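Here is the structure we will look at, set down as structure tokens.
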Amino acid sequence: MPVIAHVDMDAFYVAVELRRRPELRGRPVWVGGANRGVVLSASYEARAFGVEGGMSSTRARRLCPDAVAIQPDYDAYEAASEGVFAIFSTITPQVEKVSLDEGFLDITGTRRLLGEPEQVGELIRALVADEQGIPCSVGVAPTKLIAKMSSNRAKPNGLFRVLPGDVIAFLHPLPVEKVWGIGPATTGALNKLGLYTVGDVAHTPKSTLQRAFGARAGGELWEFSWGIDGRRVVATEASERSVGSQETFGKDTDDLGLVTTELLRISARVASRMRQARVVGRTVTLSLRFADFRTVQKSLTLPYPTDVTSEIHAAACRLLAAYRLERPRLRRVGVRVEKVLDVDQVATQPALDEPEHGWREAERAADAAIARFGPDAVSRATLTRRRGQG
């Protein structure tokens with residue numbers, strides 16, 4: 001039986017903005033125009049006043065005059081989305097991207113390495129919260145339809161699983177508009193037929209639904225009402241495997257010391273993901289985005305495959321030095337290790353002067369401590385000092 005997870009970021013645009021404006025947490029906030037245009041995303045505090053995505057800013061301001069409106073920063077949202085999906089790729093290669101802020105993961109085969117489906121879902125939530133600083137909700141179920149509806153039930157910032165034997169009990173009491181894919185027009189048409197719950201639809205003859213909605217749509221309505229959904233997770237990208245991460249600065253910077261420290265943080269994140277996914281790689285790519293949104297990247301191939309933070313960071317710093325930058329205004333930096341291979345397929349040859357137990361063993365021990373005690377259990381002194389100074 002397939003096990004599918006649907007992961008949905010909670011109030012995604014707002015969540016990304018609150019990372020750099022934490023003083024706004026707990027207040028009604030929306031991303032979009034202040035007094036004109038539309039609301040793109042609203043915090044749950046703003047939603048309590050009736051503000052929601054797609055609403056005009058004028059109406060939103062009438063409903064919640066004290067809310068803070070933030071102009072959208074699409075570059076930051078794209079970067080956060082890339083970071084989130086990079087996390088997903090360390091869980092399973094079967095990741096289907098639905099939009100910037102939601103995707104499906106086929107986690108059927110992850111039990112042996114990562115535990116039960118609920119544990120995998122909680123791991124996803126923890127990694128997204130730790131690495132991207134944003135909340136997400138996870139639904140776990142035997143089909144995409146039920147996984148999507150389960151993540152809605154889990155909101156905000158939760159996890160909900162529907163077991164195969166509980167699908168009908170979960171579905172049938174729900175209003176028809178809660179079914180993924182049923183919009184206002186179909187809801188109205190079903191209500192006119194006296195069908196208000198999914199159970200009402202399920203106990204209507206399929207032929208009746210097909211006469212009312214057409215052979216295909218009517219048939220799908222009946223199947224969905226019984227939890228029948230044969231759609232599988234289709235990996236969005238079948239490209240060469242890679243593991244990467246990036247960070248958008250709170251404000252543009254020309255401090256190369258700060259950039260170097262941030263590259264260490266990113267390299268540690270990438271290396272940790274690689275060890276978790278049990279892969280190693282030789283090609284390190286550094287990407288830089290400048291204040292004018294110009295983006296450049298360089299790559300370096302190491303003599304041997306690695307998953308060690310210091311080796312990835314050293315390569316990234318060599319690439320940074322190769323640009324010979326003088327007071328650049330940098331907006332975003334990223335590190336990616338490409339052409340990765342399963343660690344079991346690669347024979348690593350240590351140098352003759354390399355100690356028997358080195359950084360790889362130390363970092364694996366740190367991984368184990370973090371997995372047991374949380375993300376703050378172990379940290380490099382340089383990163384701790386920088387974080388404390390900030």
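Starting from 1 in every chain, residues are counted up; chains themselves are A, B, ... following the order of the structure tokens, and ligands are numbered from 1 as listed.
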Next item on the list: Give me the residues within 8 Å of Ala86 in chain A as a PyMOL selection string, counting only C-alpha atoms and dropping any in the same chain fewer than 4 places off.
Entry: chain A and resi 82+90+243-245
Any chance you could export the current selection's all heavy atoms as a tab-separated table (two decimals), in the first residue's frame?
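What ended up in result_0.tsv:
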```
chain	number	residue	atom	x	y	z
A	82	GLU	N	13.09	26.80	-2.81
A	82	GLU	CA	14.18	25.92	-3.24
A	82	GLU	C	14.80	25.20	-2.05
A	82	GLU	O	15.13	24.01	-2.12
A	82	GLU	CB	15.24	26.72	-4.00
A	82	GLU	CG	14.78	27.19	-5.37
A	82	GLU	CD	15.85	27.98	-6.10
A	82	GLU	OE1	17.01	28.00	-5.62
A	82	GLU	OE2	15.54	28.57	-7.16
A	90	THR	N	16.10	15.03	0.24
A	90	THR	CA	16.92	14.17	1.10
A	90	THR	C	16.07	13.10	1.77
A	90	THR	O	16.61	12.13	2.31
A	90	THR	CB	17.63	14.99	2.20
A	90	THR	OG1	16.67	15.52	3.11
A	90	THR	CG2	18.43	16.13	1.59
A	243	VAL	N	22.58	18.11	-4.08
A	243	VAL	CA	22.11	18.56	-2.77
A	243	VAL	C	22.62	19.97	-2.57
A	243	VAL	O	23.82	20.23	-2.73
A	243	VAL	CB	22.61	17.65	-1.63
A	243	VAL	CG1	22.11	18.16	-0.29
A	243	VAL	CG2	22.17	16.20	-1.85
A	244	GLY	N	21.74	20.89	-2.24
A	244	GLY	CA	22.17	22.28	-2.10
A	244	GLY	C	21.34	23.05	-1.11
A	244	GLY	O	20.33	22.57	-0.59
A	245	SER	N	21.78	24.27	-0.82
A	245	SER	CA	21.06	25.18	0.05
A	245	SER	C	21.51	26.60	-0.27
A	245	SER	O	22.59	26.79	-0.86
A	245	SER	CB	21.33	24.85	1.52
A	245	SER	OG	20.57	25.69	2.38
```
Next item on the list: Going by DSSP on the backbone, which bits of range 102-220 of chain A are helix (DSSP H, G or I)? Write them as a VMD selection string, please.
Entry: chain A and resid 111 to 114 117 to 132 144 to 154 164 to 171 176 to 178 184 to 192 198 to 202 206 to 213 215 to 220
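Nearest-residue note for Leu114 in chain A: choosing from A:Ile228, A:Ala277, A:Ile312, A:Val340, the minimum distance belongs to A:Ala277, counting only C-alpha atoms.
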Next item on the list: Please identify all polymer residues within 7 Å of Ala5 in chain A, counting only C-alpha atoms, omitting same-chain residues fewer than 6 positions from it, and present them as a ChimeraX atom specification.
Entry: /A:104-107,138-141,147
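Straight-line separation from CA of Pro142 in chain A to CA of Ala235 in chain A: 17.3 Å.
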Notebook entry, point to check: If you measure from CA of Glu247 in chain A to CA of Val39 in chain A, what distance in Å do you get, rounded to one decimal?
Noted result: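 Here the two named atoms are 25.6 Å from each other.
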Next item on the list: With a distance cut-off of 10 Å and only C-alpha atoms, select the neighbouring residues of range 22-38 of chain A, excluding the residue or stretch itself and same-chain residues fewer than 6 positions from it, and output the selection as a ChimeraX atom specification.
Entry: /A:11-15,44-49,51-62,64-73
Margin query: Show me, as a list in words, the residues that have an atom within 8 Å of Pro156 in chain A when counting only C-alpha atoms, minus same-chain residues fewer than 6 positions from it.
Written below: Asp10, Cys136 and Ser137 of chain A
Notebook entry, point to check: CA of Val120 in chain A to CA of Ile87 in chain A: how many Å, to one decimal?
Noted result: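 Value for the CA of Val120 in chain A-CA of Ile87 in chain A distance: 12.1 Å.
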Notebook entry, point to check: Within 8 Å of Gln246 in chain A, counting only C-alpha atoms, which residues qualify if same-chain residues fewer than 4 places away don't, as a ChimeraX atom specification?
Noted result: /A:79,83,266,332-335
Output for the residues just chosen: C-alpha atoms as a PDB file, in the first residue's frame:
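Final file, again38.pdb:
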```pdb
ATOM      1  CA  ALA A  79      14.887  30.961  -2.390  1.00  0.00           C
ATOM      2  CA  GLY A  83      15.470  25.307   0.266  1.00  0.00           C
ATOM      3  CA  ILE A 266      25.226  26.654   4.350  1.00  0.00           C
ATOM      4  CA  ARG A 332      21.979  35.791  -1.768  1.00  0.00           C
ATOM      5  CA  VAL A 333      24.580  33.018  -1.644  1.00  0.00           C
ATOM      6  CA  GLY A 334      24.156  29.329  -2.294  1.00  0.00           C
ATOM      7  CA  VAL A 335      26.205  26.125  -2.236  1.00  0.00           C
TER       8      VAL A 335
END
```
Next item on the list: Apply DSSP to the backbone of this structure and, from range 92-262 of chain A, keep only the residues in strand (DSSP E); write these as a PyMOL selection string.
Entry: chain A and resi 95-99+102-106+136-141+159-161+242-253
Notebook entry, point to check: Using only C-alpha atoms, which of the listed residues (A:Leu127, A:Ile91, A:Ala215, A:Val16) sits closest to Ser43 in chain A?
Noted result: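 Looking only at the distances to Ser43 in chain A, the closest residue turns out to be A:Val16.
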Check: Taking into account only C-alpha atoms, which residue in the set A:Met274, A:Ala316, A:Leu159, A:Met149 is nearest to Val176 in chain A?
Finding: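 Of A:Met274, A:Ala316, A:Leu159, A:Met149, the one nearest Val176 in chain A, counting only C-alpha atoms, is A:Met149.
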Next item on the list: Would you list the contacts of Arg232 in chain A as a ChimeraX atom specification, taking every protein, DNA or RNA residue within 9 Å and counting only C-alpha atoms, but skipping same-chain residues closer than 5 positions in sequence?
Entry: /A:2,4,106,143-144
Item checked: Of the listed residues A:Lys97, A:Lys192, A:Arg336, A:Arg111, that which approaches Val270 in chain A most closely, counting only C-alpha atoms ->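 Comparing A:Lys97, A:Lys192, A:Arg336, A:Arg111 against Val270 in chain A, the winner is A:Arg336.
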